[in-house]
Amino acid sequence: MAACFSLTALAAPKYFIQADVVRGSAGAQGAVCVANSVFFPGEQVVWRAVVFDLATQARLSEEQIKQLGLAVTVTLENGANLNMRYGPHPPDPNAPKREAFWSTSYQIPADAPVGTLKWSMTAKDKDGNTGAFTPIGQDVGLAVLTIAKAQAAAPQAAAADGQALYGQYCASCHQANGQGLAGAFPPLAGSRVVTGDAAYLARVVLFGLQGPITVRGQNYDGNMPAFGSLSDAQVAAILTYVRSAWGNAAGAVSAATVQAERAKPGSPQDNHAKYPK
Ligand code: HEC
């Protein structure tokens with residue numbers, strides 16, 4: 001009876017995995033090290049995962065992972081296999097550490113076909129117990145990896161085109177029509193922050209925003225990533241665009257305004273503390 005039970009236990013999964021995809025730094029055309037699902041050819045994709053014990057629902061600690069000899073692997077439909085390593089990330093000593101399994105990076109080939117690149121993840125311990133993860137439906141949600149058409153123009157040439165830059169860096173969350181997604185990403189259309197003080201608006205994009213806010217009567221408590229990696233001219237072009245699109249009617253933002261705000265320290269928490277009441 002005991003043998004029979006342990007056979008069953010071996011066959012059933014022992015672990016469950018939560019995972020998403022993150023943009024790596026090499027060749028990045030957008031914010032680095034944030035959860036993201038749309039990538040351009042030439043960009044680097046890094047998979048991130050945490051593993052739980054199915055029976056106890058507890059997240060496995062680094063110690064347990066070592067003891068179990070747990071190995072996690074990403075498999076792409078194009079045949080690539082990426083090993084994952086558990087540890088804190090990013091290496092920047094000042095950034096908050098997130099402990100997780102991180103994959104070796106995958107560079108999207110320049111000629112990669114546009115569309116969903118399907119992937120799945122498996123965990124296996126030294127006794128052969130397993131767990132697996134596949135993004136829901138392989139066609140919705142943040143964990144799905146979508147390869148977008150390569151940018152025709154060099155990023156420099158696109159710098160002045162606020163609408164294109166918005167499409168590239170902001171629309172995945174705030175949507176192309178500026179309406180956001182209720183409860184998750186606030187609308188920029190009709191937002192008083194977007195049409196309000198340009199300096200504060202620049203700080204939101206440069207340093208991010210984290211904490212409970214209310215936009216057009218709906219509550220949000222999310223994490224707006226920082227876009228400090230964009231140039232002053234790029235941020236100015238995006239802000240000028242969002243202040244005049246979708247019925248918004250506020251003045252242009254200059255690169256000088258962005259530059260002045262960049263020079264002063266900021267953080268998502270600081271922006272939340274100064275969020276207009
Ligand atoms: C990964 C998703 C994501 C991306 C990409 C993103 N944002 Fe956000 N943004 C958010 C979230 C979430 C919030 C709300 C944060 C909170 O709840 O404190 C937010 C808030 C904002 C706000 C404040 C709106 C208000 O009325 O309070 C502005 C302005 C904004 N984002 C502009 C942008 C711009 C411009 C870009 C592109 C450069 C961008 N965002 C890209 C997720 C995102």
# chains A, B, ... in the order shown; residues from 1 in each chain; ligands from 1
call {"tool": "residues_around", "arguments": {"residues": "segment 253-270 of chain A", "least_positions_apart": "3", "cutoff": "12 Å", "atoms": "only C-alpha atoms", "output": "ChimeraX atom specification"}}
result
/A:95,159-160,162,194-212,222-244,250,273-275
call {"tool": "residues_around", "arguments": {"residues": "segment 123-130 of chain A", "least_positions_apart": "4", "cutoff": "7 Å", "atoms": "only C-alpha atoms", "output": "ChimeraX atom specification"}}
result
/A:10,13-15,68-73
call {"tool": "select_by_dssp", "arguments": {"residues": "segment 122-277 of chain A", "states": "helix (DSSP H, G or I)", "output": "mmCIF file with C-alpha atoms, in the first residue's frame"}}
result
data_model
loop_
_atom_site.group_PDB
_atom_site.id
_atom_site.type_symbol
_atom_site.label_atom_id
_atom_site.label_comp_id
_atom_site.auth_asym_id
_atom_site.auth_seq_id
_atom_site.Cartn_x
_atom_site.Cartn_y
_atom_site.Cartn_z
ATOM 1 C CA ILE A 136 -2.806 31.016 -19.784
ATOM 2 C CA GLY A 137 -4.009 30.245 -23.288
ATOM 3 C CA GLN A 138 -0.616 31.323 -24.601
ATOM 4 C CA PRO A 155 15.423 54.930 -31.941
ATOM 5 C CA GLN A 156 17.145 58.317 -32.417
ATOM 6 C CA ALA A 157 15.098 59.177 -35.480
ATOM 7 C CA ALA A 158 11.916 58.232 -33.651
ATOM 8 C CA GLY A 162 5.565 61.210 -29.201
ATOM 9 C CA GLN A 163 2.768 59.037 -30.515
ATOM 10 C CA ALA A 164 5.126 56.287 -31.683
ATOM 11 C CA LEU A 165 7.065 56.408 -28.426
ATOM 12 C CA TYR A 166 3.816 56.229 -26.484
ATOM 13 C CA GLY A 167 2.854 53.161 -28.496
ATOM 14 C CA GLN A 168 6.187 51.584 -27.728
ATOM 15 C CA TYR A 169 6.581 52.363 -24.016
ATOM 16 C CA ALA A 171 0.359 51.652 -24.536
ATOM 17 C CA SER A 172 0.912 48.103 -23.223
ATOM 18 C CA CYS A 173 -0.521 49.320 -19.906
ATOM 19 C CA HIS A 174 -2.366 52.592 -20.538
ATOM 20 C CA ALA A 198 4.187 69.409 -16.248
ATOM 21 C CA ALA A 199 7.095 69.108 -13.812
ATOM 22 C CA TYR A 200 5.230 66.612 -11.618
ATOM 23 C CA LEU A 201 4.089 64.679 -14.676
ATOM 24 C CA ALA A 202 7.703 64.423 -15.861
ATOM 25 C CA ARG A 203 8.689 63.080 -12.434
ATOM 26 C CA VAL A 204 6.034 60.344 -12.630
ATOM 27 C CA VAL A 205 7.519 59.098 -15.895
ATOM 28 C CA LEU A 206 11.168 59.534 -14.846
ATOM 29 C CA PHE A 207 10.888 57.977 -11.383
ATOM 30 C CA ASP A 232 14.838 64.103 -22.073
ATOM 31 C CA ALA A 233 13.642 64.653 -25.643
ATOM 32 C CA GLN A 234 11.846 61.299 -25.726
ATOM 33 C CA VAL A 235 10.042 61.917 -22.413
ATOM 34 C CA ALA A 236 9.129 65.445 -23.551
ATOM 35 C CA ALA A 237 7.712 64.082 -26.822
ATOM 36 C CA ILE A 238 5.645 61.430 -25.009
ATOM 37 C CA LEU A 239 4.287 63.938 -22.480
ATOM 38 C CA THR A 240 3.470 66.485 -25.166
ATOM 39 C CA TYR A 241 1.571 63.730 -26.954
ATOM 40 C CA VAL A 242 -0.417 62.482 -23.938
ATOM 41 C CA ALA A 255 13.080 68.685 -22.863
ATOM 42 C CA ALA A 256 14.428 71.378 -20.518
ATOM 43 C CA THR A 257 11.572 70.740 -18.063
ATOM 44 C CA VAL A 258 12.342 67.010 -18.116
ATOM 45 C CA GLN A 259 16.053 67.661 -17.683
ATOM 46 C CA ALA A 260 15.438 69.922 -14.655
ATOM 47 C CA GLU A 261 13.288 67.255 -12.935
ATOM 48 C CA ARG A 262 15.743 64.475 -13.737
ATOM 49 C CA PRO A 268 7.941 56.054 -6.842
ATOM 50 C CA GLN A 269 7.211 56.582 -3.120
ATOM 51 C CA ASP A 270 8.235 60.243 -3.208
ATOM 52 C CA ASN A 271 5.967 60.799 -6.206
ATOM 53 C CA HIS A 272 3.146 59.147 -4.315
ATOM 54 C CA ALA A 273 3.736 61.415 -1.300
#
call {"tool": "residues_around", "arguments": {"residues": "Trp246 of chain A", "least_positions_apart": "5", "cutoff": "8 Å", "atoms": "only C-alpha atoms", "output": "tab-separated table (two decimals) with C-alpha atoms, in the first residue's frame"}}
result
chain	number	residue	atom	x	y	z
A	177	ASN	CA	-6.67	54.93	-26.67
A	178	GLY	CA	-5.39	56.25	-23.32
A	189	ALA	CA	-7.30	60.40	-21.07
call {"tool": "residues_around", "arguments": {"residues": "segment 102-104 of chain A", "least_positions_apart": "4", "cutoff": "10 Å", "atoms": "only C-alpha atoms", "output": "NGL selection string"}}
result
:A and (19 or 21-22 or 24 or 44-50 or 72-74 or 81-89)
call {"tool": "atom_distance", "arguments": {"atom1": "atom CA of Ala249 of chain A", "atom2": "atom CA of Gly190 of chain A"}}
result
9.3 Å
call {"tool": "atom_distance", "arguments": {"atom1": "atom CA of Phe39 of chain A", "atom2": "atom CA of Val51 of chain A"}}
result
25.0 Å
call {"tool": "atom_distance", "arguments": {"atom1": "atom CA of Met121 of chain A", "atom2": "atom CA of Gln107 of chain A"}}
result
17.6 Å
call {"tool": "closest_residue", "arguments": {"among": "A:Asp20, A:Asp221, A:Glu99, A:Glu43", "to": "ligand 1", "atoms": "only C-alpha atoms and all ligand atoms"}}
result
A:Asp221
call {"tool": "select_by_dssp", "arguments": {"residues": "segment 39-272 of chain A", "states": "strand (DSSP E or B)", "output": "MDAnalysis selection string"}}
result
chainID A and resid 39 44:53 59 71:76 81:89 98:103 106:107 115:116 119:124 130:133 146:147 181 185 209:210 213:215 218:220 223:224
call {"tool": "closest_residue", "arguments": {"among": "A:Gly131, A:Gly217, A:Gly115, A:Pro186", "to": "ligand 1", "atoms": "only C-alpha atoms and all ligand atoms"}}
result
A:Pro186
call {"tool": "residues_around", "arguments": {"residues": "Val215 of chain A", "least_positions_apart": "5", "cutoff": "12 Å", "atoms": "only C-alpha atoms", "output": "PyMOL selection string"}}
result
chain A and resi 179-194+220-221+275-277
call {"tool": "write_last_selection", "arguments": {"atoms": "N, CA and C atoms", "output": "PDB file, in the first residue's frame"}}
result
ATOM      1  N   GLN A 179      -7.192  54.882 -22.405  1.00  0.00           N
ATOM      2  CA  GLN A 179      -8.251  54.591 -21.425  1.00  0.00           C
ATOM      3  C   GLN A 179      -7.785  53.657 -20.307  1.00  0.00           C
ATOM      4  N   GLY A 180      -6.552  53.141 -20.399  1.00  0.00           N
ATOM      5  CA  GLY A 180      -6.071  52.243 -19.365  1.00  0.00           C
ATOM      6  C   GLY A 180      -6.906  50.977 -19.268  1.00  0.00           C
ATOM      7  N   LEU A 181      -6.727  50.261 -18.147  1.00  0.00           N
ATOM      8  CA  LEU A 181      -7.545  49.081 -17.876  1.00  0.00           C
ATOM      9  C   LEU A 181      -8.060  49.244 -16.462  1.00  0.00           C
ATOM     10  N   ALA A 182      -9.393  49.367 -16.325  1.00  0.00           N
ATOM     11  CA  ALA A 182      -9.998  49.697 -15.028  1.00  0.00           C
ATOM     12  C   ALA A 182      -9.454  48.810 -13.921  1.00  0.00           C
ATOM     13  N   GLY A 183      -8.999  49.416 -12.852  1.00  0.00           N
ATOM     14  CA  GLY A 183      -8.515  48.668 -11.694  1.00  0.00           C
ATOM     15  C   GLY A 183      -7.053  48.283 -11.780  1.00  0.00           C
ATOM     16  N   ALA A 184      -6.470  48.297 -12.977  1.00  0.00           N
ATOM     17  CA  ALA A 184      -5.073  47.882 -13.120  1.00  0.00           C
ATOM     18  C   ALA A 184      -4.185  49.043 -13.567  1.00  0.00           C
ATOM     19  N   PHE A 185      -4.535  49.683 -14.681  1.00  0.00           N
ATOM     20  CA  PHE A 185      -3.731  50.784 -15.214  1.00  0.00           C
ATOM     21  C   PHE A 185      -4.640  51.990 -15.426  1.00  0.00           C
ATOM     22  N   PRO A 186      -4.359  53.120 -14.758  1.00  0.00           N
ATOM     23  CA  PRO A 186      -5.288  54.252 -14.846  1.00  0.00           C
ATOM     24  C   PRO A 186      -5.332  54.843 -16.254  1.00  0.00           C
ATOM     25  N   PRO A 187      -6.458  55.471 -16.602  1.00  0.00           N
ATOM     26  CA  PRO A 187      -6.542  56.150 -17.894  1.00  0.00           C
ATOM     27  C   PRO A 187      -5.657  57.393 -17.883  1.00  0.00           C
ATOM     28  N   LEU A 188      -5.047  57.702 -19.014  1.00  0.00           N
ATOM     29  CA  LEU A 188      -4.335  58.983 -19.145  1.00  0.00           C
ATOM     30  C   LEU A 188      -5.259  60.003 -19.794  1.00  0.00           C
ATOM     31  N   ALA A 189      -6.277  59.512 -20.520  1.00  0.00           N
ATOM     32  CA  ALA A 189      -7.297  60.403 -21.066  1.00  0.00           C
ATOM     33  C   ALA A 189      -8.117  60.931 -19.891  1.00  0.00           C
ATOM     34  N   GLY A 190      -8.214  62.253 -19.775  1.00  0.00           N
ATOM     35  CA  GLY A 190      -9.019  62.826 -18.703  1.00  0.00           C
ATOM     36  C   GLY A 190      -8.358  62.752 -17.339  1.00  0.00           C
ATOM     37  N   SER A 191      -7.058  62.416 -17.266  1.00  0.00           N
ATOM     38  CA  SER A 191      -6.352  62.380 -15.981  1.00  0.00           C
ATOM     39  C   SER A 191      -5.904  63.793 -15.624  1.00  0.00           C
ATOM     40  N   ARG A 192      -6.164  64.192 -14.357  1.00  0.00           N
ATOM     41  CA  ARG A 192      -5.760  65.553 -13.973  1.00  0.00           C
ATOM     42  C   ARG A 192      -4.255  65.629 -13.765  1.00  0.00           C
ATOM     43  N   VAL A 193      -3.592  64.478 -13.531  1.00  0.00           N
ATOM     44  CA  VAL A 193      -2.129  64.494 -13.421  1.00  0.00           C
ATOM     45  C   VAL A 193      -1.510  64.752 -14.795  1.00  0.00           C
ATOM     46  N   VAL A 194      -2.092  64.131 -15.820  1.00  0.00           N
ATOM     47  CA  VAL A 194      -1.552  64.294 -17.173  1.00  0.00           C
ATOM     48  C   VAL A 194      -1.689  65.740 -17.645  1.00  0.00           C
ATOM     49  N   TYR A 220      -6.725  52.771  -7.812  1.00  0.00           N
ATOM     50  CA  TYR A 220      -5.592  51.997  -8.320  1.00  0.00           C
ATOM     51  C   TYR A 220      -4.577  51.887  -7.202  1.00  0.00           C
ATOM     52  N   ASP A 221      -3.886  50.765  -7.158  1.00  0.00           N
ATOM     53  CA  ASP A 221      -2.780  50.646  -6.209  1.00  0.00           C
ATOM     54  C   ASP A 221      -1.719  49.794  -6.884  1.00  0.00           C
ATOM     55  N   TYR A 275       1.638  63.249  -4.655  1.00  0.00           N
ATOM     56  CA  TYR A 275       0.523  63.111  -5.607  1.00  0.00           C
ATOM     57  C   TYR A 275      -0.521  64.180  -5.318  1.00  0.00           C
ATOM     58  N   PRO A 276      -0.979  64.903  -6.346  1.00  0.00           N
ATOM     59  CA  PRO A 276      -1.924  65.999  -6.101  1.00  0.00           C
ATOM     60  C   PRO A 276      -3.207  65.525  -5.416  1.00  0.00           C
ATOM     61  N   LYS A 277      -3.553  66.188  -4.303  1.00  0.00           N
ATOM     62  CA  LYS A 277      -4.740  65.787  -3.530  1.00  0.00           C
ATOM     63  C   LYS A 277      -6.015  66.284  -4.230  1.00  0.00           C
TER      64      LYS A 277
END
